[in-house]
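A quick write-up on the structure given underneath.
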Amino acid sequence: MTYIVETKNLTKTYMSGGRPLEVLKGIDLAIEPGEFMAIMGPSGSGKTTLLNMIGALDRPTSGKVFINGVDLTNLNDNQKADLRNKEIGFIFQFFNLIHRMDAQGNIELPMAIAGTSRSKRHKKALELLDIVGLADRADHKPSQLSGGEQQRVAIARALANEPNIVLADEVTGNLDSRTGDEIMHLMKQLNKEEGTTFILITHDPRVAQNTDRLVQFKDGVIEGQKKFADMII
């Protein structure tokens with residue numbers, strides 16, 4: 001099987017105060033296409049660093065990261081940027097929307113970078129707004145949207161170029177529990193309907209238990225894994 005994401009003996013060491021700080025310590029992880037999974041661990045355990053490696057945002061100190069069988073260590077910066085734009089969608093805890101753009105403009109941005117025609121990206125953005133339940137908010141700027149609505153826009157933006165993988169970093173961490181449940185339900189629904197692989201970073205056991213598989217991190221190593229029965233909040 002070709003895994004959609006695979007890491008082999010992945011390590012990452014930073015210098016901190018003149019001393020090496022080993023954040024990832026030989027991570028071996030394989031993720032199948034269409035998984036809806038979580039990586040959970042305390043602050044400083046290495047989970048966000050791992051997400052950055054998978055998303056081609058940072059380079060490992062040693063080891064390998066494969067996306068659809070492609071070794072990221074063999075790609076130059078332009079090739080990595082192209083892969084990120086076409087293969088990977090990102091969702092962040094604090095939304096990271098561009099405040100001078102309305103919801104539709106934020107969703108169209110990655111398509112514009114990819115060279116999609118104005119008419120096609122306009123149509124796609126409206127379709128995605130409808131999917132995430134914000135068809136009537138296309139011309140609203142982030143300051144005019146609630147936190148949950150902003151996160152829905154962020155999800156739509158992540159899906160704009162039809163990526164195979166969505167990386168989500170603490171996407172419910174800045175939301176109340178009810179809105180967080182709605183966001184989880186939406187992502188799970190998109191995973192089932194579109195077959196998109198979702199990899200969630202979280203510290204919330206409730207979020208983790210509503211994924212298909214949990215990988216538990218501690219001190220830069222995988223401490224354990226658990227599969228859950230298929231369920232939707």
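By order in the structure tokens, chains are A, B, ...; within a chain, residues start at 1; ligands start at 1, following the order shown.
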Neighbour list for A:Asn68 as an MDAnalysis selection string, cut-off 9 Å, only C-alpha atoms, skip fewer than 4 positions in-chain | chainID A and resid 2:6 33
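In this comparison, which uses only C-alpha atoms, the residue of A:Met40, A:Ile155, A:Ile88, A:Leu186 approaching A:Ala103 most closely is A:Ile155.
The gap separating atom CA of A:Ser117 from atom CA of A:Val153 is 20.4 Å, in Å to one decimal.
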Which residue of A:Lys141, A:Lys64, A:His185, A:Arg59 approaches A:Leu29 most closely, using only C-alpha atoms | A:Lys64
Which residue out of A:Pro20, A:Gly26, A:Pro163, A:Gly133 has the minimum interatomic distance to A:Gln150 when only C-alpha atoms are used?
-> A:Gly133
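Of the residues under consideration (A:Ile67, A:Met15, A:Ile39, A:Ile31), A:Ile39 shows the shortest atom-to-atom contact distance to A:Ala208 when counting only C-alpha atoms.
Coordinates place atom CA of A:Arg84 at a distance of 13.2 Å from atom CA of A:Arg157.
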